[in-house]
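Source file: upload-v4.cif. Holds: mmCIF, C-alpha atoms and all ligand atoms.
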data_target
loop_
_atom_site.label_atom_id
_atom_site.label_comp_id
_atom_site.auth_asym_id
_atom_site.auth_seq_id
_atom_site.Cartn_x
_atom_site.Cartn_y
_atom_site.Cartn_z
CA MET U 1 112.30 65.62 68.23
CA ASP U 2 113.76 68.66 66.56
CA GLY U 3 113.55 68.37 62.78
CA SER U 4 117.18 69.38 62.31
CA LEU U 5 118.28 66.14 64.04
CA LEU U 6 116.33 63.82 61.74
CA PRO U 7 118.06 61.79 59.01
CA LEU U 8 117.95 62.71 55.36
CA LEU U 9 116.26 60.25 53.00
CA SER U 10 118.57 57.44 52.02
CA ASP U 11 119.04 55.92 48.61
CA ALA U 12 117.07 52.90 49.86
CA ASP U 13 114.21 55.16 51.02
CA LEU U 14 114.02 56.66 47.54
CA SER U 15 114.12 53.29 45.78
CA GLY U 16 111.43 52.03 48.13
CA LEU U 17 109.20 55.01 47.39
CA ALA U 18 109.79 54.62 43.66
CA ALA U 19 108.74 50.96 43.86
CA THR U 20 105.68 51.52 46.09
CA PRO U 21 102.60 50.13 44.31
CA ASP U 22 100.20 52.97 45.28
CA LEU U 23 101.77 56.23 46.41
CA LEU U 24 100.40 59.56 47.64
CA VAL U 25 102.91 62.41 47.40
CA ALA U 26 101.38 65.20 49.50
CA MET U 27 103.23 68.49 49.90
CA ASP U 28 102.60 71.60 51.95
CA PHE U 29 103.24 74.75 49.89
CA ASP U 30 104.68 77.76 51.78
CA GLY U 31 108.07 76.99 53.32
CA THR U 32 108.07 73.55 51.65
CA LEU U 33 107.82 74.09 47.88
CA ALA U 34 108.28 77.87 48.12
CA HIS U 35 110.29 80.29 50.23
CA PHE U 36 108.52 82.73 52.51
CA SER U 37 108.11 86.32 51.46
CA ASP U 38 106.79 89.49 53.02
CA GLU U 39 104.42 89.61 50.07
CA PRO U 40 102.48 86.29 50.25
CA THR U 41 100.50 86.98 47.08
CA GLY U 42 103.74 87.10 45.05
CA VAL U 43 105.08 83.76 46.29
CA HIS U 44 105.72 80.94 43.82
CA ALA U 45 107.39 77.56 44.08
CA VAL U 46 111.12 77.24 43.50
CA PRO U 47 111.82 76.54 39.81
CA GLY U 48 111.16 72.93 38.83
CA ALA U 49 109.22 71.91 41.93
CA MET U 50 105.73 72.09 40.46
CA GLU U 51 106.94 70.46 37.23
CA ALA U 52 108.25 67.49 39.24
CA LEU U 53 104.91 67.16 41.02
CA GLU U 54 103.07 67.36 37.70
CA GLY U 55 105.32 64.62 36.36
CA LEU U 56 104.54 62.42 39.35
CA ALA U 57 100.80 63.09 38.92
CA GLU U 58 100.99 61.66 35.39
CA LEU U 59 102.44 58.33 36.56
CA PRO U 60 100.16 55.34 37.14
CA ASN U 61 99.04 54.62 40.72
CA THR U 62 100.55 57.90 41.87
CA VAL U 63 98.62 60.77 43.44
CA ALA U 64 100.34 64.15 43.69
CA MET U 65 98.79 66.71 46.04
CA VAL U 66 99.51 70.19 47.36
CA ILE U 67 97.71 70.73 50.68
CA SER U 68 97.95 74.20 52.17
CA GLY U 69 96.45 76.61 54.65
CA ARG U 70 95.90 79.03 51.77
CA ASN U 71 92.41 79.10 50.41
CA LEU U 72 91.95 77.17 47.17
CA GLU U 73 91.90 80.21 44.91
CA GLN U 74 95.15 81.56 46.34
CA LEU U 75 96.74 78.14 46.22
CA ALA U 76 95.96 77.82 42.51
CA HIS U 77 97.46 81.28 41.99
CA ALA U 78 100.62 80.51 43.98
CA THR U 79 101.22 77.08 42.41
CA MET U 80 100.27 78.42 38.96
CA LEU U 81 98.33 75.18 38.49
CA PRO U 82 94.77 74.74 37.27
CA VAL U 83 92.26 74.10 40.07
CA HIS U 84 91.14 70.87 38.41
CA GLY U 85 94.43 69.67 36.90
CA PRO U 86 96.39 66.44 37.46
CA VAL U 87 97.94 67.73 40.69
CA ARG U 88 95.25 67.74 43.38
CA LEU U 89 94.99 71.10 45.10
CA VAL U 90 93.58 71.16 48.62
CA GLY U 91 93.10 74.51 50.35
CA SER U 92 92.19 75.73 53.84
CA HIS U 93 94.09 72.94 55.66
CA GLY U 94 92.01 70.23 54.01
CA ALA U 95 88.61 71.92 54.27
CA GLU U 96 88.66 73.08 50.63
CA PRO U 97 89.63 70.27 48.25
CA ALA U 98 89.39 71.23 44.57
CA ASP U 99 87.10 68.30 43.88
CA GLY U 100 85.03 68.47 47.04
CA GLY U 101 83.51 71.86 47.60
CA THR U 102 83.74 73.70 50.86
CA ALA U 103 82.31 72.22 54.03
CA ASN U 104 78.86 73.61 54.75
CA LEU U 105 78.91 75.87 57.76
CA SER U 106 76.02 75.95 60.21
CA PRO U 107 74.35 79.33 60.89
CA GLU U 108 76.19 79.39 64.23
CA GLN U 109 79.55 78.80 62.53
CA GLN U 110 78.81 81.49 59.95
CA ALA U 111 77.85 83.99 62.63
CA TRP U 112 80.96 83.22 64.70
CA LEU U 113 83.19 83.52 61.65
CA GLY U 114 81.74 87.00 61.08
CA GLU U 115 82.47 88.01 64.68
CA LEU U 116 85.99 86.63 64.46
CA ARG U 117 86.55 88.58 61.29
CA SER U 118 85.48 91.95 62.69
CA HIS U 119 87.38 91.37 65.92
CA THR U 120 90.55 90.45 64.01
CA GLU U 121 90.19 93.43 61.70
CA GLY U 122 89.88 95.63 64.79
CA ILE U 123 93.17 94.30 66.16
CA ALA U 124 94.97 94.64 62.82
CA ALA U 125 93.72 98.20 62.25
CA GLU U 126 95.49 99.38 65.41
CA HIS U 127 98.96 98.23 64.40
CA GLU U 128 100.96 98.87 61.28
CA GLY U 129 102.11 95.70 59.55
CA ALA U 130 99.37 93.45 60.94
CA TRP U 131 96.88 92.28 58.36
CA VAL U 132 93.91 89.97 58.15
CA GLU U 133 93.48 87.09 55.77
CA VAL U 134 89.86 86.07 55.34
CA LYS U 135 89.34 82.48 54.26
CA PRO U 136 86.13 80.58 53.60
CA LEU U 137 86.32 78.80 56.95
CA ALA U 138 88.79 80.85 58.97
CA VAL U 139 90.45 84.17 59.62
CA GLY U 140 94.19 84.60 59.96
CA LEU U 141 96.04 87.43 61.69
CA HIS U 142 99.40 87.91 59.96
CA THR U 143 102.13 89.60 62.00
CA ARG U 144 105.24 88.97 59.91
CA LEU U 145 105.52 92.67 59.06
CA VAL U 146 105.04 93.90 62.65
CA SER U 147 108.59 94.96 63.51
CA ASP U 148 108.17 94.64 67.30
CA LYS U 149 108.07 90.85 67.79
CA GLU U 150 106.82 91.16 71.37
CA LEU U 151 103.92 93.29 70.16
CA ALA U 152 103.21 90.76 67.41
CA ALA U 153 102.94 87.99 69.99
CA GLN U 154 100.60 90.15 72.07
CA LEU U 155 98.31 90.77 69.10
CA ASN U 156 98.09 87.07 68.39
CA GLN U 157 97.41 86.38 72.06
CA ARG U 158 94.55 88.89 72.05
CA LEU U 159 92.96 87.08 69.14
CA ALA U 160 93.55 83.71 70.79
CA ASN U 161 91.84 84.96 73.97
CA PHE U 162 88.85 86.17 72.00
CA ALA U 163 88.68 82.89 70.04
CA ALA U 164 88.71 80.94 73.30
CA THR U 165 85.35 82.43 74.24
CA SER U 166 83.62 80.07 71.78
CA GLU U 167 83.93 76.33 71.46
CA LEU U 168 83.40 76.75 67.71
CA SER U 169 86.96 78.09 67.42
CA HIS U 170 89.87 75.95 66.30
CA VAL U 171 93.07 77.90 66.87
CA THR U 172 96.35 77.22 65.07
CA TRP U 173 99.59 79.03 65.83
CA GLY U 174 101.79 79.18 62.74
CA LYS U 175 104.87 81.13 61.75
CA ASP U 176 103.87 84.81 62.15
CA ILE U 177 100.21 83.93 61.86
CA LEU U 178 97.45 82.98 64.21
CA GLU U 179 94.56 81.33 62.50
CA VAL U 180 91.11 80.70 63.90
CA ALA U 181 88.93 78.29 61.96
CA VAL U 182 85.30 77.39 62.55
CA ASP U 183 85.75 73.98 60.93
CA LYS U 184 87.84 71.28 62.52
CA THR U 185 89.29 69.74 59.35
CA THR U 186 93.07 69.48 59.52
CA LYS U 187 95.65 68.38 56.98
CA GLY U 188 95.91 65.19 59.02
CA SER U 189 92.18 64.42 59.00
CA TYR U 190 91.94 65.24 55.29
CA ILE U 191 94.78 62.87 54.37
CA GLU U 192 93.31 60.10 56.54
CA ASP U 193 89.92 60.53 54.81
CA PHE U 194 91.59 60.58 51.41
CA ARG U 195 93.48 57.38 52.19
CA ARG U 196 90.28 55.60 53.26
CA ALA U 197 88.42 56.78 50.15
CA TYR U 198 91.27 55.57 47.91
CA ALA U 199 91.26 52.14 49.55
CA ARG U 200 87.48 51.85 49.10
CA GLN U 201 87.66 52.91 45.47
CA HIS U 202 90.72 50.91 44.38
CA ASP U 203 90.71 48.08 46.89
CA ARG U 204 94.40 48.81 47.55
CA GLU U 205 96.13 50.79 50.30
CA LEU U 206 98.03 54.00 49.65
CA ARG U 207 101.44 54.61 51.10
CA VAL U 208 101.76 58.26 52.12
CA LEU U 209 104.73 60.57 51.70
CA PHE U 210 104.13 64.00 53.26
CA ALA U 211 106.39 67.03 53.64
CA GLY U 212 105.75 70.24 55.56
CA ASP U 213 107.50 72.91 57.59
CA ASP U 214 105.02 74.25 60.12
CA THR U 215 102.75 73.49 63.08
CA THR U 216 99.73 72.78 60.90
CA ASP U 217 101.73 70.11 59.08
CA GLU U 218 102.19 68.24 62.34
CA THR U 219 98.49 67.27 62.18
CA ALA U 220 99.51 65.14 59.20
CA LEU U 221 103.03 64.22 60.33
CA SER U 222 101.71 62.92 63.66
CA THR U 223 99.02 60.71 62.11
CA LEU U 224 101.04 58.97 59.38
CA ARG U 225 101.63 55.23 59.79
CA TYR U 226 105.32 54.95 60.55
CA SER U 227 105.23 51.48 62.09
CA PRO U 228 105.03 48.46 59.82
CA ALA U 229 101.42 47.32 59.62
CA ILE U 230 100.77 44.41 61.98
CA ALA U 231 98.26 42.70 59.81
CA PRO U 232 97.70 42.12 56.15
CA ALA U 233 100.68 41.07 54.09
CA THR U 234 99.34 43.33 51.36
CA ALA U 235 99.73 46.46 53.52
CA PRO U 236 102.13 49.02 52.08
CA ALA U 237 105.50 49.92 53.57
CA PRO U 238 105.46 52.50 56.39
CA ASP U 239 104.64 56.10 55.50
CA ILE U 240 107.37 58.72 55.27
CA GLY U 241 107.00 62.12 56.96
CA ILE U 242 109.44 64.89 56.11
CA ARG U 243 109.99 68.04 58.15
CA VAL U 244 111.39 70.92 56.12
CA GLY U 245 113.70 72.97 58.33
CA GLY U 246 113.94 72.66 62.10
CA GLY U 247 111.34 72.67 64.85
CA GLU U 248 109.64 70.10 67.06
CA THR U 249 108.15 67.39 64.87
CA SER U 250 106.77 63.86 64.58
CA ALA U 251 108.38 63.42 61.16
CA THR U 252 110.80 60.60 60.34
CA HIS U 253 113.07 62.47 57.93
CA ARG U 254 114.19 65.96 57.11
CA LEU U 255 114.94 68.14 54.13
CA ASP U 256 116.45 71.54 54.74
CA THR U 257 115.11 73.88 52.05
CA PRO U 258 112.48 74.08 49.29
CA GLU U 259 115.33 73.50 46.81
CA ASP U 260 116.11 70.22 48.59
CA VAL U 261 112.42 69.27 48.37
CA ARG U 262 112.50 70.04 44.63
CA ASP U 263 115.64 67.96 44.09
CA PHE U 264 114.08 65.10 46.03
CA LEU U 265 110.85 65.23 43.97
CA GLN U 266 112.84 65.28 40.74
CA ASP U 267 114.85 62.25 41.87
CA LEU U 268 111.68 60.42 42.90
CA LEU U 269 110.07 61.23 39.55
CA ARG U 270 113.07 59.87 37.60
CA ARG U 271 113.13 56.66 39.59
CA ARG U 272 109.38 56.06 39.65
CA ASP U 273 109.05 56.87 35.97
CA GLY U 274 111.81 54.34 35.29
CA ARG U 275 109.86 51.75 37.23
CA SER U 276 106.68 52.24 35.17
CA ALA U 277 108.70 51.85 31.96
CA ASP U 278 110.05 48.46 33.07
MG MG K 1 104.21 75.70 55.24
#

Rewrite the structure from the file as structure tokens, please.
Ligand SMILES: [Mg+2]
Amino acid sequence: MDGSLLPLLSDADLSGLAATPDLLVAMDFDGTLAHFSDEPTGVHAVPGAMEALEGLAELPNTVAMVISGRNLEQLAHATMLPVHGPVRLVGSHGAEPADGGTANLSPEQQAWLGELRSHTEGIAAEHEGAWVEVKPLAVGLHTRLVSDKELAAQLNQRLANFAATSELSHVTWGKDILEVAVDKTTKGSYIEDFRRAYARQHDRELRVLFAGDDTTDETALSTLRYSPAIAPATAPAPDIGIRVGGGETSATHRLDTPEDVRDFLQDLLRRRDGRSAD
């Protein structure tokens, strides 16, 4: 369904989230907590958004997370949060958690990443506005500044064609970026793994709230548990997936702008904090 047709969160949704015994609040960064910019290194969250997440992270039985396609170092810079602070930072679409170290690449993956990098740099060098982002496990071809949108699509298609020549490639089409990773971790697989690890460690199930605005977020939005659990009575309420802005999505709810996400997080913090004071 298109995200713009989804319902907003109701008062009951918010109260339910506030009262959830064990809650993961996982947020994408760009387009979700922050507006886009032609200068990605200068992007920061809308005022108050990170503070609300930090507040949530301090509450008992509450995990606050920012999970982004940015590499971990850039994510720490953009969020202005410490890498090992109360808010969990997870970079490279889940492949670079702050507490986990980067996935070890095989020699074949390393070699292919090198080839992808030089090929992508070759494409970008031919066209003004195109630039290459090199990540620990991927390369991204950014075309936001290429004024001819048809040309931008062609550049991305050239990279996609090259990537398709190896089964080590995992291609993701985002907004004005084509990314090719050599590791198959997604935001969805990371959150699933995190949920399992939490259950093992605490012997309780997490309920997941996730918000994102782009294709890569659908890996998470499409794997959340939206149906009431069939079995144990102790299972948490269904997850909540939020699409920020329009676009085809598996989410259950929508918020329209990063400011709306910030207001929602502040409201959730107030209510959940009130609960823990009871
Ligand atoms: Mg985003």

Practice problem: Give me the residues within 12 Å of Val244 in chain U as a PyMOL selection string, counting only C-alpha atoms and dropping any in the same chain fewer than 5 places off. | Solution: chain U and resi 2-8+27-35+210-215+217-218+221+249-262+264

Exercise. Give me the residues within 6 Å of Ser169 in chain U as a ChimeraX atom specification, counting all atoms listed in the file and dropping any in the same chain fewer than 5 places off.
Key: /U:163,181-182

With C-alpha atoms kept, could you save the residues just selected as a tab-separated table (two decimals), in the frame of the given file?
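Saved file selection_9.tsv follows:
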chain	number	residue	atom	x	y	z
U	163	ALA	CA	88.68	82.89	70.04
U	181	ALA	CA	88.93	78.29	61.96
U	182	VAL	CA	85.30	77.39	62.55

Practice problem: Mind checking which residues fall within 10 Å of Arg207 in chain U, counting all atoms listed in the file, ignoring those fewer than 5 positions away in the same chain, and posting them as number ranges by chain? | Solution: U: 17, 20-25, 62, 195, 224-225, 235-240

Based on the selection just made, write C-alpha atoms of those residues as a compact mmCIF listing (two decimals), keeping the file's coordinate frame.
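Listed below is the output, out22.txt:
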# COMPACT_ATOMS: atom_id res chain seq x y z
CA LEU U 17 109.20 55.01 47.39
CA THR U 20 105.68 51.52 46.09
CA PRO U 21 102.60 50.13 44.31
CA ASP U 22 100.20 52.97 45.28
CA LEU U 23 101.77 56.23 46.41
CA LEU U 24 100.40 59.56 47.64
CA VAL U 25 102.91 62.41 47.40
CA THR U 62 100.55 57.90 41.87
CA ARG U 195 93.48 57.38 52.19
CA LEU U 224 101.04 58.97 59.38
CA ARG U 225 101.63 55.23 59.79
CA ALA U 235 99.73 46.46 53.52
CA PRO U 236 102.13 49.02 52.08
CA ALA U 237 105.50 49.92 53.57
CA PRO U 238 105.46 52.50 56.39
CA ASP U 239 104.64 56.10 55.50
CA ILE U 240 107.37 58.72 55.27

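With distances restricted to only C-alpha atoms and all ligand atoms, U:Ser68 is the closest residue to ligand MG 1 (chain K) from U:Ser10, U:Ser68, U:Ser37, U:Asn161.
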
Self-check item: Residues within 12 Å of Ala111 in chain U, all atoms listed in the file, excluding chain neighbours under 4 positions, as a PyMOL selection string
Solution: chain U and resi 105-107+115-118+137-138+166+168-169+182

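If you measure from each of U:His93, U:Arg70, U:Thr120, U:Met65 to Ala52 in chain U using only C-alpha atoms, the closest one turns out to be U:Met65.
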
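Reported to one decimal place, the separation of CA of Thr79 in chain U from CA of Ile67 in chain U is 11.0 Å.
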
Practice problem: Would you kindly return, as a PyMOL selection string, each protein, DNA or RNA residue with an atom no farther than 6 Å from any atom of Ser92 in chain U, considering all atoms listed in the file and excluding same-chain residues fewer than 4 positions away? | Solution: chain U and resi 69-71+96

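The two atoms in question, CA of Val146 in chain U and CA of Gln74 in chain U, are spaced 22.7 Å apart.
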
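Relative to CA of Leu155 in chain U, CA of Ala125 in chain U is found at 11.1 Å.
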
Kindly complete range 157-168 of chain U to all heavy atoms; the output should be written as a PDB file, in the frame of the given file.
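What follows is the written file part.pdb:
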ATOM      1  N   GLN U 157      97.993  86.861  70.800  1.00  0.00           N
ATOM      2  CA  GLN U 157      97.410  86.380  72.060  1.00  0.00           C
ATOM      3  C   GLN U 157      96.028  86.993  72.285  1.00  0.00           C
ATOM      4  O   GLN U 157      95.113  86.320  72.760  1.00  0.00           O
ATOM      5  CB  GLN U 157      98.341  86.711  73.239  1.00  0.00           C
ATOM      6  CG  GLN U 157      97.945  86.021  74.541  1.00  0.00           C
ATOM      7  CD  GLN U 157      97.894  84.506  74.405  1.00  0.00           C
ATOM      8  OE1 GLN U 157      98.867  83.873  74.001  1.00  0.00           O
ATOM      9  NE2 GLN U 157      96.740  83.902  74.715  1.00  0.00           N
ATOM     10  N   ARG U 158      95.874  88.262  71.902  1.00  0.00           N
ATOM     11  CA  ARG U 158      94.550  88.890  72.050  1.00  0.00           C
ATOM     12  C   ARG U 158      93.511  88.160  71.209  1.00  0.00           C
ATOM     13  O   ARG U 158      92.388  87.916  71.652  1.00  0.00           O
ATOM     14  CB  ARG U 158      94.610  90.367  71.637  1.00  0.00           C
ATOM     15  CG  ARG U 158      95.010  91.285  72.778  1.00  0.00           C
ATOM     16  CD  ARG U 158      95.244  92.701  72.294  1.00  0.00           C
ATOM     17  NE  ARG U 158      94.060  93.313  71.668  1.00  0.00           N
ATOM     18  CZ  ARG U 158      94.112  94.455  70.969  1.00  0.00           C
ATOM     19  NH1 ARG U 158      95.270  95.082  70.801  1.00  0.00           N
ATOM     20  NH2 ARG U 158      93.017  94.957  70.444  1.00  0.00           N
ATOM     21  N   LEU U 159      93.905  87.820  69.990  1.00  0.00           N
ATOM     22  CA  LEU U 159      92.960  87.080  69.140  1.00  0.00           C
ATOM     23  C   LEU U 159      92.683  85.692  69.713  1.00  0.00           C
ATOM     24  O   LEU U 159      91.545  85.228  69.737  1.00  0.00           O
ATOM     25  CB  LEU U 159      93.506  86.969  67.706  1.00  0.00           C
ATOM     26  CG  LEU U 159      92.649  86.136  66.747  1.00  0.00           C
ATOM     27  CD1 LEU U 159      91.222  86.679  66.667  1.00  0.00           C
ATOM     28  CD2 LEU U 159      93.270  86.098  65.357  1.00  0.00           C
ATOM     29  N   ALA U 160      93.730  85.049  70.215  1.00  0.00           N
ATOM     30  CA  ALA U 160      93.550  83.710  70.790  1.00  0.00           C
ATOM     31  C   ALA U 160      92.594  83.768  71.985  1.00  0.00           C
ATOM     32  O   ALA U 160      91.736  82.891  72.155  1.00  0.00           O
ATOM     33  CB  ALA U 160      94.901  83.132  71.220  1.00  0.00           C
ATOM     34  N   ASN U 161      92.728  84.821  72.804  1.00  0.00           N
ATOM     35  CA  ASN U 161      91.840  84.960  73.970  1.00  0.00           C
ATOM     36  C   ASN U 161      90.392  85.132  73.529  1.00  0.00           C
ATOM     37  O   ASN U 161      89.478  84.549  74.109  1.00  0.00           O
ATOM     38  CB  ASN U 161      92.268  86.167  74.826  1.00  0.00           C
ATOM     39  CG  ASN U 161      93.621  85.940  75.482  1.00  0.00           C
ATOM     40  OD1 ASN U 161      94.128  84.813  75.517  1.00  0.00           O
ATOM     41  ND2 ASN U 161      94.218  87.005  75.995  1.00  0.00           N
ATOM     42  N   PHE U 162      90.209  85.960  72.492  1.00  0.00           N
ATOM     43  CA  PHE U 162      88.850  86.170  72.000  1.00  0.00           C
ATOM     44  C   PHE U 162      88.295  84.856  71.432  1.00  0.00           C
ATOM     45  O   PHE U 162      87.155  84.466  71.710  1.00  0.00           O
ATOM     46  CB  PHE U 162      88.839  87.259  70.927  1.00  0.00           C
ATOM     47  CG  PHE U 162      87.475  87.523  70.354  1.00  0.00           C
ATOM     48  CD1 PHE U 162      86.521  88.211  71.099  1.00  0.00           C
ATOM     49  CD2 PHE U 162      87.135  87.072  69.088  1.00  0.00           C
ATOM     50  CE1 PHE U 162      85.249  88.446  70.586  1.00  0.00           C
ATOM     51  CE2 PHE U 162      85.859  87.304  68.570  1.00  0.00           C
ATOM     52  CZ  PHE U 162      84.915  87.987  69.317  1.00  0.00           C
ATOM     53  N   ALA U 163      89.126  84.152  70.654  1.00  0.00           N
ATOM     54  CA  ALA U 163      88.680  82.890  70.040  1.00  0.00           C
ATOM     55  C   ALA U 163      88.274  81.882  71.100  1.00  0.00           C
ATOM     56  O   ALA U 163      87.323  81.114  70.924  1.00  0.00           O
ATOM     57  CB  ALA U 163      89.800  82.323  69.169  1.00  0.00           C
ATOM     58  N   ALA U 164      88.963  81.920  72.240  1.00  0.00           N
ATOM     59  CA  ALA U 164      88.710  80.940  73.300  1.00  0.00           C
ATOM     60  C   ALA U 164      87.348  81.121  73.949  1.00  0.00           C
ATOM     61  O   ALA U 164      86.907  80.268  74.720  1.00  0.00           O
ATOM     62  CB  ALA U 164      89.819  81.026  74.360  1.00  0.00           C
ATOM     63  N   THR U 165      86.664  82.219  73.646  1.00  0.00           N
ATOM     64  CA  THR U 165      85.350  82.430  74.240  1.00  0.00           C
ATOM     65  C   THR U 165      84.263  81.614  73.535  1.00  0.00           C
ATOM     66  O   THR U 165      83.117  81.608  73.967  1.00  0.00           O
ATOM     67  CB  THR U 165      84.939  83.926  74.208  1.00  0.00           C
ATOM     68  OG1 THR U 165      84.890  84.354  72.836  1.00  0.00           O
ATOM     69  CG2 THR U 165      85.944  84.773  74.979  1.00  0.00           C
ATOM     70  N   SER U 166      84.614  80.937  72.437  1.00  0.00           N
ATOM     71  CA  SER U 166      83.620  80.070  71.780  1.00  0.00           C
ATOM     72  C   SER U 166      84.224  78.706  71.490  1.00  0.00           C
ATOM     73  O   SER U 166      85.358  78.595  71.017  1.00  0.00           O
ATOM     74  CB  SER U 166      83.157  80.674  70.459  1.00  0.00           C
ATOM     75  OG  SER U 166      82.440  79.691  69.709  1.00  0.00           O
ATOM     76  N   GLU U 167      83.444  77.680  71.752  1.00  0.00           N
ATOM     77  CA  GLU U 167      83.930  76.330  71.460  1.00  0.00           C
ATOM     78  C   GLU U 167      83.900  76.022  69.967  1.00  0.00           C
ATOM     79  O   GLU U 167      84.374  74.963  69.533  1.00  0.00           O
ATOM     80  CB  GLU U 167      83.112  75.297  72.238  1.00  0.00           C
ATOM     81  CG  GLU U 167      81.635  75.327  71.887  1.00  0.00           C
ATOM     82  CD  GLU U 167      80.810  74.417  72.799  1.00  0.00           C
ATOM     83  OE1 GLU U 167      81.337  73.982  73.843  1.00  0.00           O
ATOM     84  OE2 GLU U 167      79.652  74.136  72.443  1.00  0.00           O
ATOM     85  N   LEU U 168      83.378  76.949  69.167  1.00  0.00           N
ATOM     86  CA  LEU U 168      83.400  76.750  67.710  1.00  0.00           C
ATOM     87  C   LEU U 168      84.771  77.065  67.121  1.00  0.00           C
ATOM     88  O   LEU U 168      85.040  76.777  65.963  1.00  0.00           O
ATOM     89  CB  LEU U 168      82.357  77.654  67.046  1.00  0.00           C
ATOM     90  CG  LEU U 168      80.887  77.385  67.391  1.00  0.00           C
ATOM     91  CD1 LEU U 168      79.993  78.449  66.761  1.00  0.00           C
ATOM     92  CD2 LEU U 168      80.471  76.003  66.901  1.00  0.00           C
TER      93      LEU U 168
END
